[in-house]
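> What follows is target-v9.txt, compact mmCIF, C-alpha atoms.
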# COMPACT_ATOMS: atom_id res chain seq x y z
CA MET A 11 -17.84 -6.19 -21.86
CA ASN A 12 -18.22 -5.56 -18.15
CA ARG A 13 -19.28 -2.28 -16.64
CA MET A 14 -15.77 -1.28 -15.59
CA VAL A 15 -14.39 -1.75 -19.09
CA ILE A 16 -17.27 0.31 -20.52
CA ILE A 17 -16.43 3.16 -18.15
CA LEU A 18 -12.78 2.98 -19.15
CA ALA A 19 -13.82 3.13 -22.78
CA PHE A 20 -15.27 6.57 -22.00
CA LEU A 21 -11.96 7.55 -20.40
CA LEU A 22 -10.09 6.56 -23.54
CA SER A 23 -12.53 8.34 -25.82
CA GLY A 24 -11.90 11.64 -24.06
CA TRP A 25 -14.77 11.68 -21.54
CA MET A 26 -12.33 11.74 -18.64
CA ALA A 27 -13.90 11.53 -15.21
CA ALA A 28 -11.96 14.68 -14.39
CA PRO A 29 -12.21 16.59 -11.12
CA VAL A 30 -13.41 19.68 -12.98
CA THR A 31 -17.17 19.73 -13.47
CA GLN A 32 -18.21 20.92 -16.92
CA ALA A 33 -19.25 24.57 -16.75
CA GLN A 34 -22.97 25.17 -17.11
CA THR A 35 -22.82 28.94 -16.62
CA GLU A 36 -20.08 31.51 -16.87
CA ARG A 37 -19.74 31.50 -13.09
CA GLU A 38 -19.09 27.77 -12.77
CA ARG A 39 -15.33 27.83 -13.09
CA GLY A 40 -12.43 26.28 -11.25
CA LEU A 41 -12.25 22.92 -9.47
CA GLY A 42 -15.14 21.39 -7.64
CA PRO A 43 -17.70 21.79 -6.33
CA PHE A 44 -16.79 21.09 -2.70
CA THR A 45 -18.49 21.53 0.59
CA LEU A 46 -15.98 23.65 2.49
CA VAL A 47 -16.16 23.20 6.24
CA THR A 48 -14.71 26.26 8.00
CA THR A 49 -14.60 27.62 11.51
CA ARG A 50 -17.55 29.81 10.51
CA GLY A 51 -19.71 27.06 9.03
CA GLU A 52 -20.17 25.22 5.73
CA ILE A 53 -20.31 26.68 2.22
CA THR A 54 -20.35 25.30 -1.31
CA VAL A 55 -17.31 26.41 -3.28
CA ARG A 56 -15.24 25.93 -6.39
CA LEU A 57 -11.46 26.35 -6.13
CA LEU A 58 -9.98 29.17 -8.20
CA ARG A 59 -6.43 29.86 -7.05
CA ARG A 60 -4.20 30.14 -4.02
CA ASP A 61 -2.32 33.18 -2.83
CA GLY A 62 -0.17 32.09 0.10
CA ASP A 63 -2.43 31.72 3.13
CA ILE A 64 -5.54 32.77 1.21
CA VAL A 65 -7.52 30.36 -0.95
CA TRP A 66 -9.70 32.09 -3.53
CA VAL A 67 -12.96 30.33 -4.29
CA ASP A 68 -16.26 30.91 -6.01
CA ARG A 69 -18.78 30.65 -3.16
CA LEU A 70 -22.34 29.62 -3.97
CA THR A 71 -24.74 32.05 -2.30
CA SER A 72 -28.31 31.40 -1.16
CA ASP A 73 -29.40 33.07 -4.39
CA LYS A 74 -27.57 30.33 -6.36
CA VAL A 75 -25.00 32.84 -7.60
CA TYR A 76 -21.24 32.29 -7.39
CA VAL A 77 -19.28 35.08 -5.70
CA GLU A 78 -15.49 35.16 -5.62
CA THR A 79 -14.30 35.04 -2.03
CA GLY A 80 -10.97 34.73 -0.24
CA VAL A 81 -10.85 32.15 2.56
CA PRO A 82 -7.94 32.21 5.04
CA VAL A 83 -6.24 28.81 5.29
CA ALA A 84 -6.41 29.14 9.09
CA GLU A 85 -10.21 28.97 8.90
CA ILE A 86 -10.35 25.84 6.73
CA ILE A 87 -11.27 22.60 8.48
CA ARG A 88 -11.87 20.33 5.50
CA PHE A 89 -12.97 20.14 1.88
CA VAL A 90 -15.65 17.49 1.33
CA ALA A 91 -16.71 15.93 -2.00
CA PRO A 92 -17.75 12.50 -3.27
CA ARG A 93 -14.79 10.19 -3.83
CA PRO A 94 -13.78 10.36 -7.51
CA ARG A 95 -14.91 7.39 -9.58
CA LEU A 96 -11.42 7.35 -11.09
CA PHE A 97 -10.03 6.27 -7.70
CA GLU A 98 -12.38 3.30 -7.54
CA LEU A 99 -11.41 2.21 -11.04
CA ALA A 100 -7.68 2.49 -10.35
CA GLU A 101 -7.99 0.38 -7.19
CA GLN A 102 -9.59 -2.56 -9.01
CA PRO A 103 -7.51 -5.58 -10.10
CA ILE A 104 -5.92 -4.70 -13.42
CA ASP A 105 -6.30 -8.15 -15.01
CA ALA A 106 -9.40 -7.09 -16.98
CA TYR A 107 -7.79 -3.90 -18.30
CA THR A 108 -5.90 -3.47 -21.53
CA PRO A 109 -2.53 -1.67 -21.55
CA GLU A 110 -4.25 1.35 -23.09
CA GLN A 111 -6.83 1.42 -20.32
CA ILE A 112 -4.15 1.17 -17.64
CA LYS A 113 -2.34 4.08 -19.30
CA ALA A 114 -5.60 6.06 -19.20
CA LEU A 115 -5.87 5.42 -15.47
CA HIS A 116 -2.31 6.63 -14.92
CA ASP A 117 -2.92 9.71 -17.04
CA GLY A 118 -6.12 10.53 -15.15
CA LEU A 119 -4.48 10.17 -11.74
CA ARG A 120 -1.48 12.23 -12.84
CA LYS A 121 -3.75 14.97 -14.20
CA MET A 122 -5.82 15.08 -11.03
CA ALA A 123 -2.76 15.31 -8.81
CA ALA A 124 -1.37 18.16 -10.93
CA GLN A 125 -4.62 20.14 -10.92
CA TYR A 126 -4.95 20.07 -7.15
CA ARG A 127 -1.24 20.37 -6.31
CA PRO A 128 -1.40 24.04 -5.12
CA TYR A 129 -3.93 22.97 -2.45
CA ARG A 130 -2.46 19.57 -1.57
CA ASP A 131 -1.75 20.37 2.09
CA LEU A 132 -5.38 21.26 2.80
CA PRO A 133 -7.53 18.52 4.39
CA GLY A 134 -9.78 16.75 1.92
CA ILE A 135 -7.90 17.76 -1.23
CA PRO A 136 -7.30 14.59 -3.35
CA THR A 137 -3.73 15.22 -4.58
CA ASP A 138 -1.96 12.91 -2.15
CA GLU A 139 -4.58 10.20 -2.45
CA ALA A 140 -4.26 10.30 -6.25
CA ILE A 141 -0.49 9.84 -5.91
CA ARG A 142 -0.91 6.98 -3.43
CA ILE A 143 -3.43 5.22 -5.68
CA GLN A 144 -1.16 5.63 -8.69
CA ALA A 145 1.67 4.06 -6.69
CA GLY A 146 -0.62 1.13 -5.90
CA LEU A 147 -1.41 0.81 -9.60
CA TYR A 148 2.33 0.63 -10.33
CA GLU A 149 2.61 -2.09 -7.68
CA GLN A 150 -0.06 -4.12 -9.44
CA GLN A 151 2.10 -3.86 -12.57
CA ALA A 152 5.18 -4.95 -10.56
CA LEU A 153 6.80 -1.60 -11.37
CA TRP A 154 8.33 -1.38 -7.92
CA ARG A 155 10.72 1.52 -8.57
CA ASP A 156 7.94 3.72 -9.99
CA ALA A 157 5.76 2.94 -6.98
CA TYR A 158 8.66 3.57 -4.58
CA LEU A 159 9.37 7.01 -6.05
CA LEU A 160 5.76 8.10 -5.57
CA TYR A 161 5.57 6.80 -2.01
CA ALA A 162 8.91 8.45 -1.22
CA ASP A 163 7.56 11.75 -2.60
CA LEU A 164 4.68 11.59 -0.13
CA LEU A 165 7.07 11.00 2.77
CA LYS A 166 9.19 14.05 1.85
CA LEU A 167 6.36 16.56 2.28
CA ASP A 168 6.60 19.20 5.00
CA TYR A 169 3.29 18.04 6.46
CA GLU A 170 2.11 14.57 7.46
CA VAL A 171 -0.01 12.82 4.86
CA GLU A 172 -2.98 10.71 5.85
CA ASP A 173 -2.19 7.07 6.71
CA VAL A 174 1.52 7.87 6.80
CA ASN A 175 2.46 4.65 8.63
CA ARG A 176 0.98 2.50 5.87
CA ILE A 177 2.79 4.59 3.25
CA ARG A 178 6.09 4.07 5.08
CA LEU A 179 5.47 0.33 5.14
CA LEU A 180 4.57 0.30 1.44
CA THR A 181 7.79 2.20 0.72
CA GLY A 182 9.73 -0.48 2.58
CA MET A 183 7.90 -3.23 0.72
CA CYS A 184 8.85 -1.68 -2.62
CA LEU A 185 12.50 -1.52 -1.57
CA TRP A 186 12.30 -5.16 -0.49
CA ARG A 187 10.86 -6.10 -3.90
CA MET A 188 13.74 -4.20 -5.51
CA ASP A 189 16.15 -6.40 -3.49
CA ARG A 190 17.29 -3.40 -1.46
CA LYS A 191 16.60 -5.32 1.71
CA ASP A 192 18.90 -3.41 4.03
CA ASP A 193 17.21 -0.15 2.97
CA ALA A 194 13.80 -1.79 3.32
CA LEU A 195 14.46 -2.56 6.98
CA GLY A 196 14.83 1.16 7.64
CA TYR A 197 11.07 1.36 7.05
CA LEU A 198 9.88 -2.11 8.07
CA LEU A 199 11.61 -2.15 11.47
CA THR A 200 10.83 1.40 12.56
CA THR A 201 7.17 1.63 11.58
CA PRO A 202 4.35 0.05 13.64
CA ILE A 203 2.51 -2.54 11.55
CA PRO A 204 -1.27 -2.11 11.97
CA ASP A 205 -3.19 -5.33 12.57
CA ASP A 206 -6.56 -4.11 11.33
CA ASP A 207 -5.78 -5.70 7.94
CA LEU A 208 -4.32 -9.11 8.74
CA ALA A 209 -3.47 -9.97 5.13
CA PHE A 210 -1.39 -6.78 4.85
CA PHE A 211 0.09 -7.38 8.31
CA SER A 212 1.17 -10.86 7.23
CA ARG A 213 2.73 -9.64 3.97
CA VAL A 214 4.78 -7.02 5.78
CA MET A 215 5.92 -9.44 8.48
CA LYS A 216 7.00 -12.02 5.89
CA ALA A 217 8.91 -9.39 3.91
CA ARG A 218 10.54 -8.12 7.09
CA ALA A 219 11.56 -11.64 8.11
CA ASP A 220 13.07 -12.27 4.69
CA ALA A 221 14.97 -8.96 4.81
CA LEU A 222 16.25 -9.73 8.30
CA ALA A 223 17.45 -13.17 7.20
CA SER A 224 19.12 -11.71 4.12
CA THR A 225 21.06 -9.24 6.25
CA GLY A 226 22.26 -11.89 8.72
CA GLN A 227 19.76 -11.21 11.51
CA THR A 228 18.69 -14.84 11.72
CA LEU A 229 17.18 -14.93 15.20
CA LYS A 230 15.03 -11.84 14.58
CA ALA A 231 13.87 -13.32 11.28
CA LEU A 232 12.90 -16.54 13.04
CA GLU A 233 11.00 -14.60 15.70
CA ASP A 234 8.92 -12.87 13.00
CA ARG A 235 8.18 -16.18 11.28
CA LEU A 236 7.12 -17.92 14.47
CA TYR A 237 5.02 -14.94 15.58
CA LEU A 238 2.83 -15.41 12.51
CA VAL A 239 2.63 -19.16 13.11
CA VAL A 240 1.59 -18.75 16.73
CA PHE A 241 -0.85 -15.83 16.48
CA TYR A 242 -2.16 -15.86 12.89
CA PRO A 243 -1.67 -19.42 11.57
CA PHE A 244 -4.69 -19.48 9.28
CA VAL A 245 -4.24 -16.03 7.67
CA SER A 246 -2.59 -15.96 4.24
CA SER A 247 -1.21 -19.53 4.59
CA ASN A 248 0.94 -18.30 7.46
CA GLU A 249 1.42 -21.63 9.21
CA VAL A 250 2.74 -23.68 6.32
CA GLU A 251 4.71 -20.84 4.66
CA ASN A 252 6.43 -19.66 7.81
CA LEU A 253 7.19 -23.11 9.20
CA ALA A 254 8.82 -23.94 5.88
CA ALA A 255 10.74 -20.64 5.92
CA ALA A 256 11.87 -21.34 9.49
CA ILE A 257 13.76 -24.50 8.50
CA PRO A 258 16.73 -22.79 6.77
CA LEU A 259 16.86 -20.37 9.70
CA TYR A 260 17.13 -23.29 12.13
CA ALA A 261 19.82 -24.76 9.90
CA GLU A 262 21.72 -21.46 9.95
CA MET A 263 21.58 -21.56 13.76
CA LYS A 264 22.51 -25.29 13.75
CA GLU A 265 19.30 -26.08 15.61
CA TRP A 266 18.93 -29.45 13.89
CA GLY A 267 16.38 -30.81 16.33
CA ALA A 268 14.01 -27.92 15.69
CA ALA A 269 14.59 -28.19 11.94
CA VAL A 270 13.78 -31.92 11.85
CA LYS A 271 10.69 -31.57 14.05
CA THR A 272 9.41 -28.68 11.95
CA LEU A 273 9.75 -30.71 8.75
CA GLU A 274 7.98 -33.65 10.38
CA ALA A 275 5.11 -31.33 11.39
CA LEU A 276 4.86 -30.05 7.83
CA GLU A 277 4.86 -33.56 6.37
CA THR A 278 2.09 -34.55 8.78
CA ASP A 279 -0.18 -31.51 8.39
CA TYR A 280 0.69 -30.30 4.88
CA PRO A 281 2.09 -33.31 2.99
CA ASP A 282 1.08 -32.03 -0.47
CA SER A 283 2.06 -28.40 -0.04
CA PRO A 284 4.73 -26.95 -2.34
CA ALA A 285 6.14 -25.22 0.76
CA THR A 286 6.66 -28.62 2.41
CA ALA A 287 8.37 -29.97 -0.70
CA SER A 288 10.64 -26.92 -0.80
CA ALA A 289 11.50 -27.30 2.90
CA ARG A 290 12.27 -31.00 2.42
CA GLU A 291 14.58 -30.19 -0.47
CA ARG A 292 16.41 -27.48 1.45
CA LEU A 293 16.92 -29.66 4.51
CA ALA A 294 18.20 -32.47 2.29
CA SER A 295 21.35 -30.40 1.67
CA TYR A 296 22.19 -30.97 5.33
CA SER A 297 21.71 -34.74 5.14
CA ASP A 298 24.58 -35.64 7.50
CA GLN A 299 23.40 -33.30 10.26
CA VAL A 300 19.78 -34.39 9.83
CA GLU A 301 20.71 -38.09 9.97
CA ASN A 302 22.76 -37.52 13.12
CA GLU A 303 19.84 -35.69 14.71
CA ARG A 304 17.37 -38.43 13.83
CA GLN A 305 19.72 -41.06 15.18
CA PHE A 306 20.04 -39.05 18.38
CA GLN A 307 16.26 -38.88 18.71
CA VAL A 308 16.01 -42.64 18.30
CA GLU A 309 18.63 -43.19 20.98
CA GLU A 310 16.81 -40.82 23.31
CA MET A 311 13.59 -42.81 22.92
CA GLU A 312 15.27 -46.16 23.71
Reformat the file's structure so that it appears as structure tokens.


Amino acid sequence: MNRMVIILAFLLSGWMAAPVTQAQTERERGLGPFTLVTTRGEITVRLLRRDGDIVWVDRLTSDKVYVETGVPVAEIIRFVAPRPRLFELAEQPIDAYTPEQIKALHDGLRKMAAQYRPYRDLPGIPTDEAIRIQAGLYEQQALWRDAYLLYADLLKLDYEVEDVNRIRLLTGMCLWRMDRKDDALGYLLTTPIPDDDLAFFSRVMKARADALASTGQTLKALEDRLYLVVFYPFVSSNEVENLAAAIPLYAEMKEWGAAVKTLEALETDYPDSPATASARERLASYSDQVENERQFQVEEME
């Protein structure tokens, strides 16, 4: 049994890696501890409750005694704490987890988000990250609608969540997976795609190209496919996958010369690829046009 499974066994047995530290004295109550960075300096606190624009905390004094204190929201810069171990577990591939362990991860993330919800708009509070990670866990399970609903919840907030562009793109990707491709384009076309993660960039571009093609925007779909071929050919099998995907787009545009030359390039460079076989099969349905084009090429060479 690997280390991750052992840790999850503790989760299932009731030793939840919860955000609330077990009380050691009567004064250790609430959520935390956190280092609270304020306009007046840094203090160690535990969250108690919120009353509008005042956050009530137990503040640890220099005498190691907790004192209840009200902190104006306007003075709060950020709450700082180690990243919860639960987040790391939930971001791992789920192949090694049992259904019960996956349920435990969902339950833990849901509990954490609920506990911190009154403070979710304050920088450093883990509510929104817990929701985002749970959505990612649903994606790993191919539960696209469940993931979409969580991402959409984050986008409806009256403040901007961290990494909002990526969340918008993930929302669009879920809609694309749900075959709501027209709706997906509302996110995938209007949100800048960051290129700091080229694998993610490639996935989004491929999904966007497919959605564009499915909604009749053939030329724009082809432009996305060829962009990946030209600039990122060796990331995520971009060259072979996007050249193969370009062939039906060329056929839709009746660009038979480009379609034939693209298939020839695939057969030369990727003869054993399933993408090449699929492209060959698709182009075979246009046998008359392809034969005419090849005959034309022969005549041009004579």

> Considering only C-alpha atoms, tabulate each residue of stretch 25-137 of chain A that lies at most 10 Å from stretch 170-187 of chain A along with its nearest interatomic pair and the corresponding distance in Å to one decimal; arrange the rows by chain and ascending residue number and present them as CSV.


residue,atom,partner,partner_atom,distance
A:Arg130,CA,A:Val171,CA,9.6
A:Asp131,CA,A:Val171,CA,8.2
A:Pro133,CA,A:Glu172,CA,9.2
A:Gly134,CA,A:Glu172,CA,9.9

> With only C-alpha atoms as the basis for distance, which of A:Ala123, A:Ile53, A:Ala217, A:Ala84 is at the shortest distance from A:Val65?

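Nearest to A:Val65: A:Ala84.
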
> One decimal, Å: what's the distance from atom CA of A:His116 over to atom CA of A:Gln144, could you say?

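Here the two named atoms are 6.4 Å from each other.
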
> Go ahead and compute the interatomic distance for atom CA of A:Arg235 and atom CA of A:Ala219, in Å to one decimal.

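Computing it gives 6.5 Å between the two atoms.
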
> Please provide the set of residues having any atom within 12 Å of A:Asp205, restricted to all atoms listed in the file, with same-chain residues fewer than 6 positions apart removed, written as a list in words.

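Answer for this query is Arg176, Phe211, Ser212, Arg213, Val214, Met215, Leu238, Phe241, Tyr242 and Val245 of chain A.
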
> Measure the distance from atom CA of A:Arg50 to atom CA of A:Glu85 in Å and round it to one decimal.

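Result for atom CA of A:Arg50 versus atom CA of A:Glu85: 7.6 Å, one decimal.
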
> Could you pull out every residue with an atom within 9 Å of (-7.8, 32.4, -7.6), file coordinates, counting only C-alpha atoms, and send them as a list in words?

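Within 9 Å of (-7.8, 32.4, -7.6), the protein and nucleic acid residues are Gly40, Leu57, Leu58, Arg59, Arg60, Asp61, Val65, Trp66, Val67, Asp68, Glu78, Thr79 and Gly80 of chain A.
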
> Fewer than 3 positions away in the same chain doesn't count, so skip those; otherwise give me all residues within 9 Å of A:Met122, counting only C-alpha atoms, as a list in words.

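These residues fall inside the cut-off: Ala28, Pro29, Asp117, Gly118, Leu119, Gln125, Tyr126, Arg127, Pro136, Thr137 and Ala140 of chain A.
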
> Using all atoms listed in the file, which of the listed residues (A:Glu110, A:Gly267, A:Thr45, A:Val250) sits closest to A:Ala289?

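Closest to A:Ala289 of all the choices is A:Val250.
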
> Extract, using all atoms listed in the file, all DNA, RNA and protein residues at most 12 Å from A:Leu253, discarding same-chain residues fewer than 6 positions from it, and format them as a VMD selection string.

chain A and resid 216 232 to 240 243 247 259 to 260 268 to 277 279 to 280 283 285 to 286 288 to 290

> A:Ser224, A:Leu164, A:Ala209, A:Ile135: which is nearest A:Asp189, counting all atoms listed in the file?

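Using all atoms listed in the file, the shortest distance to A:Asp189 belongs to A:Ser224.
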
> From the set A:Pro43, A:Phe97, A:Leu115, A:Asp156, which residue has the shortest atom-to-atom contact distance to A:Asp138, counting only C-alpha atoms?

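Closest to A:Asp138 of all the choices is A:Phe97.
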
> Could you check the closest approach to A:Pro258 for each of A:Asp282, A:Leu222, A:Pro128, A:Tyr296 and tell me which residue wins, using only C-alpha atoms?

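Answer, going by the shortest atom-to-atom distance: A:Tyr296.
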